[in-house]
Number of protein chains: 2
Amino acid sequence: MLAQQLAPGAIVTDPDAIAPWLIDWRRRWHGRAALLLQPRDTAEVQAIVVAARSLGVPLVPQGGNSSMVGGATPPADGSAAILSLRRINRIRRLDPAAGLVVAEAGVVLADLHAAALAQGRRFPLSLGAKGNATVGGLVSTNAGGTQVLRFGTMRGLVAGIEAVLPDGTLHEGLAALKKDNRGYDLDQLLIGAEGTLGVVTAASLRLVPALAARAVAWVGVTSPDAAMALLRRFQRATPALESFELLPDESLAAVLAYLPDARAPLAGRHAWHVLLEVTADAAGDDPAALVEAQLAAALDAGEIGDAALAQSEAQAEAFWRLRESISDAERATGPAAQHDISVPVEAMPRFMVEAAAACDARFPGTRASGFGHLGDGNVHFHVRAAPGTDPAHWYAEQVPVVSRFVHDLVAAAGGSISAEHGIGQMKRAELERLGPPARLHALRAIKRAFDPGQLFNPGKLVALAPDRGSE
Amino acid sequence: MLAQQLAPGAIVTDPDAIAPWLIDWRRRWHGRAALLLQPRDTAEVQAIVVAARSLGVPLVPQGGNSSMVGGATPPADGSAAILSLRRINRIRRLDPAAGLVVAEAGVVLADLHAAALAQGRRFPLSLGAKGNATVGGLVSTNAGGTQVLRFGTMRGLVAGIEAVLPDGTLHEGLAALKKDNRGYDLDQLLIGAEGTLGVVTAASLRLVPALAARAVAWVGVTSPDAAMALLRRFQRATPALESFELLPDESLAAVLAYLPDARAPLAGRHAWHVLLEVTADAAGDDPAALVEAQLAAALDAGEIGDAALAQSEAQAEAFWRLRESISDAERATGPAAQHDISVPVEAMPRFMVEAAAACDARFPGTRASGFGHLGDGNVHFHVRAAPGTDPAHWYAEQVPVVSRFVHDLVAAAGGSISAEHGIGQMKRAELERLGPPARLHALRAIKRAFDPGQLFNPGKLVALAPDRGSE
């Protein structure tokens, strides 16, 4: 019956065709599913939702399958069907003057970038998985990336959403109203809901002017506090500070050892390094002059140790490559426990120093450090295993203990155990353990209100616990 | 028992002391309440919520009582108590470097402006009721105003919320995390919820640099389309376009007739007028030069009829006074039906022209026109009664018919029947009539999940209908 409502090829049962979509990006989660549904448009998604509901079959929405927390991997018991949005991938409308694009859920981020650029505009959100990640997943995980400092996460870039709700009704919110006070904001509720409250089928997204120029600099500083002072200096000087990344010298050293052709941007040694980028939207603006002037003033004031302004786009890319290779480089040196965490921006310098010291003291032989988006109060906090540790033992026995310790420090600092990756399967137990009771209660109440049967992305983010009685 | 948990003076039963808080700002809604509760801090709010819940007494949260839609007026049956947040009015913390302020719910907007300014910062949201409106109400109604074009509504200015939820738990979300992906965004859910999902007790709010300079210009154009072209010109030229207001010549004429000392900014007659403002945050920037250059180019290109750049702060104020006097001036000419509506920005020029013509044709003798925030796709659309109409008859008999007609046009254009004022009591029936079923269903599901007993601001925004069976 459902087959008659869908275009040919929409229902996939061939195990070989399904197999690639059963394993997550980091190859940590292995699910099972006998059915992969590939609708072509929103009406087909509605038909699928109605059928799934009447049959009681759970649905796992999936875009580029690039979740970092197992958020798009089906449950291991094979009870759910995968609902792939990849074929719903048209750009319905792009209005450069209004700075708006309506993109369907399956549009790949890199394709969205290209479509905007072709009209002299830019979609100002990017991340490593841009060749795979889709609009639906970016919306549903409230994706961030390296430009959040200036443009915010998806939460600030979404102007409207079209979604099929668990009851099969269509939420038509694409109209991109700049002001709309008709009650609770359903678009904002669906952003970051990880597919647990319905299926996003399209989004209206904000565009900004295309990039005219950028200035990228590498700066050596003595401490995270000094980096914070530099951040505030640049924020006072320009609204166009687009990235401000901080890394310890040991991260740079790991990258230089890992990339044979890479060179240190500065001659001397510095305890900490900042990579910053200032952009210009209009031809004629000169971000390099602004950056140069600010760095010169900071040098004169003794606020920084040294600095290098990229002299070419190739050099700018080389600076960014150092930053983007940290995870790979550290992985090559041995196993680690990784944490995507945030605290209030002004609390981050102290947290980075004190949390690393606390970890090193608590787990002798391990080595902890944080690096990343200082300007967003979000770092990737890695605890590397002691040399010679057996990886299997480390991941099975030690990582859970280390992660609980790190997350306790984050909670004590008023922070979040998931800054940008979401909860998915991976962090659900930790969210249950640490999430403030009021928040957990509200999450469950909302889930229950929208999807009492838990048919939408079961096992992710939040679970109702009927066996635990009333909550 | 509750009395023992509250500071002296928190429980008011004197009818004379309660009376001023029973009538709304526009004096349209008259409620009754035997009890006014005035807690001093969040803990007292929690105690009140727990007591109200156990006794089944509904609570009507109230700040400055400046709702335009009866949103803070208690029900007429006297069943509810007023929960005033006005005494919870400390600024807990103001961090100019981080650009953040933590303000309690009872802080008056004008006081917040002053506190920010004293630290060289600006809270970039203002509105007519700034001497009364409080932070809690601004958050709970997702307030807008004249600076939305550049800085957005409260939804974009709130960095975190503290609120007492209906079950008495405290949502502690003030930490101002720039990135936090631990599931559904409770802060965003509470913004614009009109107190129906809990009581906001404090908010972390974003600050921007203090104003260094502004350029205000008055421009004559032939049509809303020409105004839209001018808007896009300025948006291409600068990110610091802060206001862009459009009004028809008849609105200006009404104001000039109403204000004895006011003068028309331009010599000739123009069918439509634009009031625009460009600001500068940093000393040295020259917004006047930018505005002058753009207006000169627009004049040369024949895009505008004439323009005047305010030559002094006094003249800038005079231009703004014309805009801000429209409602009073039109009221003086006779009764009108007023509508706070929005459509997609690019659809607004056509809507303004076609909707006015449709109204004039449908209701002979009346006269319709829209004015307001063109840059936000939000105008105040007024239909003035035919000369000689009896006001009592107009408001009782004709306004409902006119408003339904206008709202139907808005719905057909994909717009919102409440752009910035909210739903409150006034627009609930229209929301029920026009709100898409998926939206209404979701609103009720959320309300039921948080406040099944309907104890929080009963009769506002959304009502559950147990007598109508399952929804």
# chains A, B, ... in the order shown; residues from 1 in each chain; ligands from 1
call {"tool": "closest_atom_pairs", "arguments": {"of": "chain B", "to": "chain A", "cutoff": "6 Å", "atoms": "only C-alpha atoms", "output": "JSON lines"}}
result
{"residue": "B:Thr169", "atom": "CA", "partner": "A:Ala438", "partner_atom": "CA", "distance": 5.6}
{"residue": "B:His171", "atom": "CA", "partner": "A:Ala438", "partner_atom": "CA", "distance": 5.6}
{"residue": "B:Ala176", "atom": "CA", "partner": "A:Pro344", "partner_atom": "CA", "distance": 5.9}
{"residue": "B:Leu177", "atom": "CA", "partner": "A:Pro344", "partner_atom": "CA", "distance": 5.1}
{"residue": "B:Lys178", "atom": "CA", "partner": "A:Asp376", "partner_atom": "CA", "distance": 5.6}
{"residue": "B:Lys179", "atom": "CA", "partner": "A:Ala419", "partner_atom": "CA", "distance": 4.9}
{"residue": "B:Asp180", "atom": "CA", "partner": "A:Ala419", "partner_atom": "CA", "distance": 4.4}
{"residue": "B:Asn181", "atom": "CA", "partner": "A:Gly422", "partner_atom": "CA", "distance": 4.9}
{"residue": "B:Arg182", "atom": "CA", "partner": "A:Ser418", "partner_atom": "CA", "distance": 5.9}
{"residue": "B:Gly183", "atom": "CA", "partner": "A:Ala193", "partner_atom": "CA", "distance": 5.7}
{"residue": "B:Tyr184", "atom": "CA", "partner": "A:Ala193", "partner_atom": "CA", "distance": 5.5}
{"residue": "B:Leu189", "atom": "CA", "partner": "A:Tyr184", "partner_atom": "CA", "distance": 5.8}
{"residue": "B:Gly192", "atom": "CA", "partner": "A:Gly183", "partner_atom": "CA", "distance": 5.9}
{"residue": "B:Ala193", "atom": "CA", "partner": "A:Tyr184", "partner_atom": "CA", "distance": 5.5}
{"residue": "B:Pro344", "atom": "CA", "partner": "A:Leu177", "partner_atom": "CA", "distance": 5.1}
{"residue": "B:Asp376", "atom": "CA", "partner": "A:Lys178", "partner_atom": "CA", "distance": 5.6}
{"residue": "B:Ser416", "atom": "CA", "partner": "A:Asp180", "partner_atom": "CA", "distance": 5.7}
{"residue": "B:Ser418", "atom": "CA", "partner": "A:Asn181", "partner_atom": "CA", "distance": 5.3}
{"residue": "B:Ala419", "atom": "CA", "partner": "A:Asp180", "partner_atom": "CA", "distance": 4.4}
{"residue": "B:Glu420", "atom": "CA", "partner": "A:Asn181", "partner_atom": "CA", "distance": 5.6}
{"residue": "B:Gly422", "atom": "CA", "partner": "A:Asn181", "partner_atom": "CA", "distance": 4.9}
{"residue": "B:Ala438", "atom": "CA", "partner": "A:Thr169", "partner_atom": "CA", "distance": 5.6}
{"residue": "B:Ala445", "atom": "CA", "partner": "A:Ala449", "partner_atom": "CA", "distance": 5.3}
{"residue": "B:Ala449", "atom": "CA", "partner": "A:Ala445", "partner_atom": "CA", "distance": 5.3}
call {"tool": "closest_residue", "arguments": {"among": "B:Ala318, B:Met426, B:Ala210, B:Ala289", "to": "Gly120 (chain B)", "atoms": "only C-alpha atoms"}}
result
B:Ala210
call {"tool": "closest_residue", "arguments": {"among": "A:Val219, A:Leu322, A:Leu138, A:Arg350", "to": "Ala308 (chain A)", "atoms": "only C-alpha atoms"}}
result
A:Val219
call {"tool": "atom_distance", "arguments": {"atom1": "CA of Ala297 (chain B)", "atom2": "CA of Phe151 (chain B)"}}
result
26.5 Å
call {"tool": "closest_residue", "arguments": {"among": "A:Val383, A:Val45, A:Leu464, A:Leu434", "to": "Arg331 (chain A)", "atoms": "only C-alpha atoms"}}
result
A:Val383
call {"tool": "select_by_dssp", "arguments": {"residues": "region 376-413 of chain A", "states": "strand (DSSP E)", "output": "PyMOL selection string"}}
result
chain A and resi 378-384
call {"tool": "residues_around", "arguments": {"residues": "Val208 (chain A)", "least_positions_apart": "6", "cutoff": "7 Å", "atoms": "only C-alpha atoms", "output": "PDB file with all heavy atoms, in the first residue's frame"}}
result
ATOM      1  N   GLY A  99      18.608  37.736   0.579  1.00  0.00           N
ATOM      2  CA  GLY A  99      19.560  36.970   1.387  1.00  0.00           C
ATOM      3  C   GLY A  99      18.938  35.723   1.969  1.00  0.00           C
ATOM      4  O   GLY A  99      19.154  35.389   3.136  1.00  0.00           O
ATOM      5  N   ARG A 121      26.570  35.252  -3.075  1.00  0.00           N
ATOM      6  CA  ARG A 121      26.240  35.190  -1.657  1.00  0.00           C
ATOM      7  C   ARG A 121      27.013  34.055  -0.997  1.00  0.00           C
ATOM      8  O   ARG A 121      27.657  33.248  -1.648  1.00  0.00           O
ATOM      9  CB  ARG A 121      24.727  34.969  -1.468  1.00  0.00           C
ATOM     10  CG  ARG A 121      23.896  36.192  -1.829  1.00  0.00           C
ATOM     11  CD  ARG A 121      24.117  37.335  -0.855  1.00  0.00           C
ATOM     12  NE  ARG A 121      23.387  38.545  -1.195  1.00  0.00           N
ATOM     13  CZ  ARG A 121      23.836  39.496  -1.994  1.00  0.00           C
ATOM     14  NH1 ARG A 121      25.020  39.373  -2.584  1.00  0.00           N
ATOM     15  NH2 ARG A 121      23.122  40.573  -2.220  1.00  0.00           N
ATOM     16  N   ARG A 122      26.905  34.013   0.332  1.00  0.00           N
ATOM     17  CA  ARG A 122      27.633  33.009   1.080  1.00  0.00           C
ATOM     18  C   ARG A 122      26.723  32.442   2.151  1.00  0.00           C
ATOM     19  O   ARG A 122      25.995  33.195   2.821  1.00  0.00           O
ATOM     20  CB  ARG A 122      28.852  33.690   1.736  1.00  0.00           C
ATOM     21  CG  ARG A 122      29.689  32.794   2.620  1.00  0.00           C
ATOM     22  CD  ARG A 122      31.075  33.394   2.838  1.00  0.00           C
ATOM     23  NE  ARG A 122      31.048  34.577   3.678  1.00  0.00           N
ATOM     24  CZ  ARG A 122      31.728  34.679   4.842  1.00  0.00           C
ATOM     25  NH1 ARG A 122      32.468  33.682   5.265  1.00  0.00           N
ATOM     26  NH2 ARG A 122      31.685  35.791   5.548  1.00  0.00           N
ATOM     27  N   PHE A 123      26.732  31.137   2.323  1.00  0.00           N
ATOM     28  CA  PHE A 123      26.071  30.543   3.480  1.00  0.00           C
ATOM     29  C   PHE A 123      27.163  30.356   4.532  1.00  0.00           C
ATOM     30  O   PHE A 123      28.050  29.514   4.382  1.00  0.00           O
ATOM     31  CB  PHE A 123      25.407  29.205   3.137  1.00  0.00           C
ATOM     32  CG  PHE A 123      24.727  28.602   4.329  1.00  0.00           C
ATOM     33  CD1 PHE A 123      23.663  29.250   4.932  1.00  0.00           C
ATOM     34  CD2 PHE A 123      25.178  27.419   4.884  1.00  0.00           C
ATOM     35  CE1 PHE A 123      23.052  28.723   6.063  1.00  0.00           C
ATOM     36  CE2 PHE A 123      24.573  26.876   6.015  1.00  0.00           C
ATOM     37  CZ  PHE A 123      23.510  27.541   6.603  1.00  0.00           C
ATOM     38  N   PRO A 124      27.109  31.151   5.623  1.00  0.00           N
ATOM     39  CA  PRO A 124      28.277  31.293   6.496  1.00  0.00           C
ATOM     40  C   PRO A 124      28.360  30.235   7.586  1.00  0.00           C
ATOM     41  O   PRO A 124      28.474  30.566   8.761  1.00  0.00           O
ATOM     42  CB  PRO A 124      28.094  32.692   7.077  1.00  0.00           C
ATOM     43  CG  PRO A 124      26.615  32.831   7.198  1.00  0.00           C
ATOM     44  CD  PRO A 124      26.029  32.076   6.020  1.00  0.00           C
TER      45      PRO A 124
END
call {"tool": "residues_around", "arguments": {"residues": "Leu266 (chain A)", "least_positions_apart": "4", "cutoff": "10 Å", "atoms": "only C-alpha atoms", "output": "PyMOL selection string"}}
result
chain A and resi 218-220+270+273+305-308
call {"tool": "select_by_dssp", "arguments": {"residues": "region 71-177 of chain B", "states": "helix (DSSP H, G or I)", "output": "list in words"}}
result
Leu109, Ala110, Asp111, Leu112, His113, Ala114, Ala115, Ala116, Leu117, Ala118, Val135, Gly136, Gly137, Leu138, Val139, Ser140, Val148, Leu149, Arg150, Phe151, Met154, Arg155, Gly156 and Leu157 of chain B
call {"tool": "residues_around", "arguments": {"residues": "region 7-22 of chain B", "least_positions_apart": "5", "cutoff": "12 Å", "atoms": "only C-alpha atoms", "output": "count of residues only"}}
result
48
call {"tool": "atom_distance", "arguments": {"atom1": "CA of Glu104 (chain B)", "atom2": "CA of Ala159 (chain A)"}}
result
29.1 Å
call {"tool": "residues_around", "arguments": {"residues": "Ile91 (chain B)", "least_positions_apart": "2", "cutoff": "9 Å", "atoms": "only C-alpha atoms", "output": "mmCIF file with all heavy atoms, in the first residue's frame"}}
result
data_model
loop_
_atom_site.group_PDB
_atom_site.id
_atom_site.type_symbol
_atom_site.label_atom_id
_atom_site.label_comp_id
_atom_site.auth_asym_id
_atom_site.auth_seq_id
_atom_site.Cartn_x
_atom_site.Cartn_y
_atom_site.Cartn_z
ATOM 1 N N ASN B 89 14.049 42.926 40.740
ATOM 2 C CA ASN B 89 14.497 43.899 39.733
ATOM 3 C C ASN B 89 15.958 44.308 39.869
ATOM 4 O O ASN B 89 16.315 45.438 39.587
ATOM 5 C CB ASN B 89 13.597 45.130 39.776
ATOM 6 C CG ASN B 89 13.621 45.808 41.138
ATOM 7 O OD1 ASN B 89 14.327 45.341 42.045
ATOM 8 N ND2 ASN B 89 12.889 46.878 41.279
ATOM 9 N N ARG B 93 24.506 41.199 37.231
ATOM 10 C CA ARG B 93 25.872 41.225 36.736
ATOM 11 C C ARG B 93 25.864 41.945 35.402
ATOM 12 O O ARG B 93 24.932 41.772 34.619
ATOM 13 C CB ARG B 93 26.349 39.783 36.524
ATOM 14 C CG ARG B 93 27.831 39.583 36.456
ATOM 15 C CD ARG B 93 28.154 38.112 36.658
ATOM 16 N NE ARG B 93 27.713 37.308 35.529
ATOM 17 C CZ ARG B 93 28.415 37.127 34.416
ATOM 18 N NH1 ARG B 93 29.611 37.678 34.288
ATOM 19 N NH2 ARG B 93 27.949 36.375 33.443
ATOM 20 N N LEU B 94 26.872 42.769 35.150
ATOM 21 C CA LEU B 94 26.991 43.400 33.839
ATOM 22 C C LEU B 94 28.460 43.335 33.455
ATOM 23 O O LEU B 94 29.311 43.893 34.149
ATOM 24 C CB LEU B 94 26.473 44.848 33.876
ATOM 25 C CG LEU B 94 26.187 45.493 32.517
ATOM 26 C CD1 LEU B 94 25.185 46.629 32.631
ATOM 27 C CD2 LEU B 94 27.444 45.975 31.818
ATOM 28 N N VAL B 101 24.661 41.051 30.132
ATOM 29 C CA VAL B 101 24.083 41.522 31.374
ATOM 30 C C VAL B 101 23.082 40.471 31.857
ATOM 31 O O VAL B 101 22.367 39.888 31.052
ATOM 32 C CB VAL B 101 23.394 42.905 31.191
ATOM 33 C CG1 VAL B 101 22.313 42.850 30.119
ATOM 34 C CG2 VAL B 101 22.814 43.404 32.494
ATOM 35 N N VAL B 102 23.094 40.212 33.149
ATOM 36 C CA VAL B 102 22.084 39.339 33.735
ATOM 37 C C VAL B 102 21.108 40.232 34.498
ATOM 38 O O VAL B 102 21.459 40.832 35.516
ATOM 39 C CB VAL B 102 22.703 38.288 34.675
ATOM 40 C CG1 VAL B 102 21.610 37.442 35.316
ATOM 41 C CG2 VAL B 102 23.679 37.394 33.912
ATOM 42 N N ALA B 103 19.906 40.339 33.963
ATOM 43 C CA ALA B 103 18.899 41.234 34.537
ATOM 44 C C ALA B 103 17.709 40.419 35.016
ATOM 45 O O ALA B 103 17.249 39.502 34.328
ATOM 46 C CB ALA B 103 18.448 42.251 33.499
ATOM 47 N N GLU B 104 17.207 40.765 36.196
ATOM 48 C CA GLU B 104 16.038 40.060 36.712
ATOM 49 C C GLU B 104 14.767 40.521 35.991
ATOM 50 O O GLU B 104 14.738 41.568 35.344
ATOM 51 C CB GLU B 104 15.938 40.271 38.222
ATOM 52 C CG GLU B 104 17.083 39.555 38.953
ATOM 53 C CD GLU B 104 17.023 39.673 40.466
ATOM 54 O OE1 GLU B 104 16.358 40.609 40.963
ATOM 55 O OE2 GLU B 104 17.648 38.837 41.138
ATOM 56 N N VAL B 107 13.308 44.209 36.014
ATOM 57 C CA VAL B 107 14.084 45.376 35.584
ATOM 58 C C VAL B 107 13.342 46.080 34.444
ATOM 59 O O VAL B 107 12.984 45.451 33.443
ATOM 60 C CB VAL B 107 15.498 44.958 35.122
ATOM 61 C CG1 VAL B 107 16.229 46.131 34.486
ATOM 62 C CG2 VAL B 107 16.294 44.404 36.305
ATOM 63 N N LEU B 112 17.459 49.339 32.238
ATOM 64 C CA LEU B 112 18.460 48.471 31.605
ATOM 65 C C LEU B 112 19.299 49.276 30.613
ATOM 66 O O LEU B 112 20.531 49.146 30.570
ATOM 67 C CB LEU B 112 17.752 47.307 30.899
ATOM 68 C CG LEU B 112 18.643 46.296 30.187
ATOM 69 C CD1 LEU B 112 19.571 45.596 31.174
ATOM 70 C CD2 LEU B 112 17.794 45.269 29.442
ATOM 71 N N ALA B 115 21.748 51.346 32.633
ATOM 72 C CA ALA B 115 22.824 50.555 33.241
ATOM 73 C C ALA B 115 23.867 50.166 32.200
ATOM 74 O O ALA B 115 25.078 50.195 32.468
ATOM 75 C CB ALA B 115 22.237 49.301 33.901
#
call {"tool": "atom_distance", "arguments": {"atom1": "CA of Thr146 (chain A)", "atom2": "CA of Leu127 (chain A)"}}
result
6.9 Å
call {"tool": "decode", "arguments": {"residues": "region 30-40 of chain B", "atoms": "all heavy atoms", "output": "PDB file, in the first residue's frame"}}
result
ATOM      1  N   HIS B  30     -10.713  44.058  31.304  1.00  0.00           N
ATOM      2  CA  HIS B  30     -10.896  44.286  32.732  1.00  0.00           C
ATOM      3  C   HIS B  30     -10.965  42.943  33.435  1.00  0.00           C
ATOM      4  O   HIS B  30     -11.884  42.154  33.194  1.00  0.00           O
ATOM      5  CB  HIS B  30     -12.173  45.092  32.992  1.00  0.00           C
ATOM      6  CG  HIS B  30     -12.126  46.471  32.403  1.00  0.00           C
ATOM      7  ND1 HIS B  30     -11.988  47.612  33.148  1.00  0.00           N
ATOM      8  CD2 HIS B  30     -12.148  46.879  31.115  1.00  0.00           C
ATOM      9  CE1 HIS B  30     -11.953  48.675  32.354  1.00  0.00           C
ATOM     10  NE2 HIS B  30     -12.052  48.250  31.102  1.00  0.00           N
ATOM     11  N   GLY B  31      -9.991  42.690  34.295  1.00  0.00           N
ATOM     12  CA  GLY B  31      -9.967  41.421  35.002  1.00  0.00           C
ATOM     13  C   GLY B  31     -10.323  41.605  36.466  1.00  0.00           C
ATOM     14  O   GLY B  31     -10.552  42.728  36.940  1.00  0.00           O
ATOM     15  N   ARG B  32     -10.368  40.480  37.185  1.00  0.00           N
ATOM     16  CA  ARG B  32     -10.574  40.537  38.626  1.00  0.00           C
ATOM     17  C   ARG B  32      -9.560  39.622  39.288  1.00  0.00           C
ATOM     18  O   ARG B  32      -9.173  38.591  38.734  1.00  0.00           O
ATOM     19  CB  ARG B  32     -11.987  40.076  38.997  1.00  0.00           C
ATOM     20  CG  ARG B  32     -13.064  41.142  38.758  1.00  0.00           C
ATOM     21  CD  ARG B  32     -14.442  40.615  39.123  1.00  0.00           C
ATOM     22  NE  ARG B  32     -14.460  40.052  40.458  1.00  0.00           N
ATOM     23  CZ  ARG B  32     -15.049  38.895  40.784  1.00  0.00           C
ATOM     24  NH1 ARG B  32     -15.668  38.192  39.852  1.00  0.00           N
ATOM     25  NH2 ARG B  32     -15.022  38.434  42.023  1.00  0.00           N
ATOM     26  N   ALA B  33      -9.114  40.023  40.477  1.00  0.00           N
ATOM     27  CA  ALA B  33      -8.206  39.172  41.253  1.00  0.00           C
ATOM     28  C   ALA B  33      -8.261  39.636  42.693  1.00  0.00           C
ATOM     29  O   ALA B  33      -8.239  40.839  42.966  1.00  0.00           O
ATOM     30  CB  ALA B  33      -6.774  39.261  40.733  1.00  0.00           C
ATOM     31  N   ALA B  34      -8.321  38.689  43.610  1.00  0.00           N
ATOM     32  CA  ALA B  34      -8.390  39.025  45.032  1.00  0.00           C
ATOM     33  C   ALA B  34      -6.999  39.059  45.655  1.00  0.00           C
ATOM     34  O   ALA B  34      -6.834  39.478  46.796  1.00  0.00           O
ATOM     35  CB  ALA B  34      -9.263  38.009  45.766  1.00  0.00           C
ATOM     36  N   LEU B  35      -6.014  38.630  44.881  1.00  0.00           N
ATOM     37  CA  LEU B  35      -4.681  38.423  45.434  1.00  0.00           C
ATOM     38  C   LEU B  35      -3.624  38.907  44.454  1.00  0.00           C
ATOM     39  O   LEU B  35      -3.649  38.560  43.280  1.00  0.00           O
ATOM     40  CB  LEU B  35      -4.505  36.914  45.681  1.00  0.00           C
ATOM     41  CG  LEU B  35      -3.414  36.441  46.618  1.00  0.00           C
ATOM     42  CD1 LEU B  35      -3.604  37.033  48.016  1.00  0.00           C
ATOM     43  CD2 LEU B  35      -3.428  34.917  46.683  1.00  0.00           C
ATOM     44  N   LEU B  36      -2.697  39.726  44.993  1.00  0.00           N
ATOM     45  CA  LEU B  36      -1.533  40.160  44.211  1.00  0.00           C
ATOM     46  C   LEU B  36      -0.297  39.707  44.977  1.00  0.00           C
ATOM     47  O   LEU B  36      -0.120  40.091  46.142  1.00  0.00           O
ATOM     48  CB  LEU B  36      -1.554  41.682  44.053  1.00  0.00           C
ATOM     49  CG  LEU B  36      -0.290  42.345  43.487  1.00  0.00           C
ATOM     50  CD1 LEU B  36      -0.096  41.983  42.013  1.00  0.00           C
ATOM     51  CD2 LEU B  36      -0.369  43.866  43.645  1.00  0.00           C
ATOM     52  N   LEU B  37       0.517  38.907  44.350  1.00  0.00           N
ATOM     53  CA  LEU B  37       1.717  38.386  45.005  1.00  0.00           C
ATOM     54  C   LEU B  37       2.936  39.106  44.462  1.00  0.00           C
ATOM     55  O   LEU B  37       3.102  39.235  43.252  1.00  0.00           O
ATOM     56  CB  LEU B  37       1.828  36.877  44.765  1.00  0.00           C
ATOM     57  CG  LEU B  37       0.632  36.093  45.305  1.00  0.00           C
ATOM     58  CD1 LEU B  37       0.578  34.691  44.711  1.00  0.00           C
ATOM     59  CD2 LEU B  37       0.681  36.048  46.831  1.00  0.00           C
ATOM     60  N   GLN B  38       3.786  39.588  45.367  1.00  0.00           N
ATOM     61  CA  GLN B  38       4.941  40.393  44.978  1.00  0.00           C
ATOM     62  C   GLN B  38       6.224  39.815  45.555  1.00  0.00           C
ATOM     63  O   GLN B  38       6.777  40.380  46.500  1.00  0.00           O
ATOM     64  CB  GLN B  38       4.773  41.833  45.476  1.00  0.00           C
ATOM     65  CG  GLN B  38       3.491  42.501  45.031  1.00  0.00           C
ATOM     66  CD  GLN B  38       3.434  43.968  45.439  1.00  0.00           C
ATOM     67  OE1 GLN B  38       3.301  44.832  44.600  1.00  0.00           O
ATOM     68  NE2 GLN B  38       3.560  44.240  46.735  1.00  0.00           N
ATOM     69  N   PRO B  39       6.712  38.706  45.033  1.00  0.00           N
ATOM     70  CA  PRO B  39       7.922  38.106  45.592  1.00  0.00           C
ATOM     71  C   PRO B  39       9.130  39.015  45.388  1.00  0.00           C
ATOM     72  O   PRO B  39       9.133  39.895  44.532  1.00  0.00           O
ATOM     73  CB  PRO B  39       8.058  36.808  44.800  1.00  0.00           C
ATOM     74  CG  PRO B  39       7.341  37.071  43.521  1.00  0.00           C
ATOM     75  CD  PRO B  39       6.197  37.983  43.871  1.00  0.00           C
ATOM     76  N   ARG B  40      10.163  38.763  46.224  1.00  0.00           N
ATOM     77  CA  ARG B  40      11.393  39.551  46.175  1.00  0.00           C
ATOM     78  C   ARG B  40      12.520  38.839  45.448  1.00  0.00           C
ATOM     79  O   ARG B  40      13.515  39.433  45.115  1.00  0.00           O
ATOM     80  CB  ARG B  40      11.866  39.836  47.612  1.00  0.00           C
ATOM     81  CG  ARG B  40      11.000  40.810  48.366  1.00  0.00           C
ATOM     82  CD  ARG B  40      11.500  42.212  48.137  1.00  0.00           C
ATOM     83  NE  ARG B  40      10.713  43.157  48.927  1.00  0.00           N
ATOM     84  CZ  ARG B  40      10.807  44.480  48.789  1.00  0.00           C
ATOM     85  NH1 ARG B  40      11.633  45.008  47.905  1.00  0.00           N
ATOM     86  NH2 ARG B  40      10.067  45.282  49.512  1.00  0.00           N
TER      87      ARG B  40
END
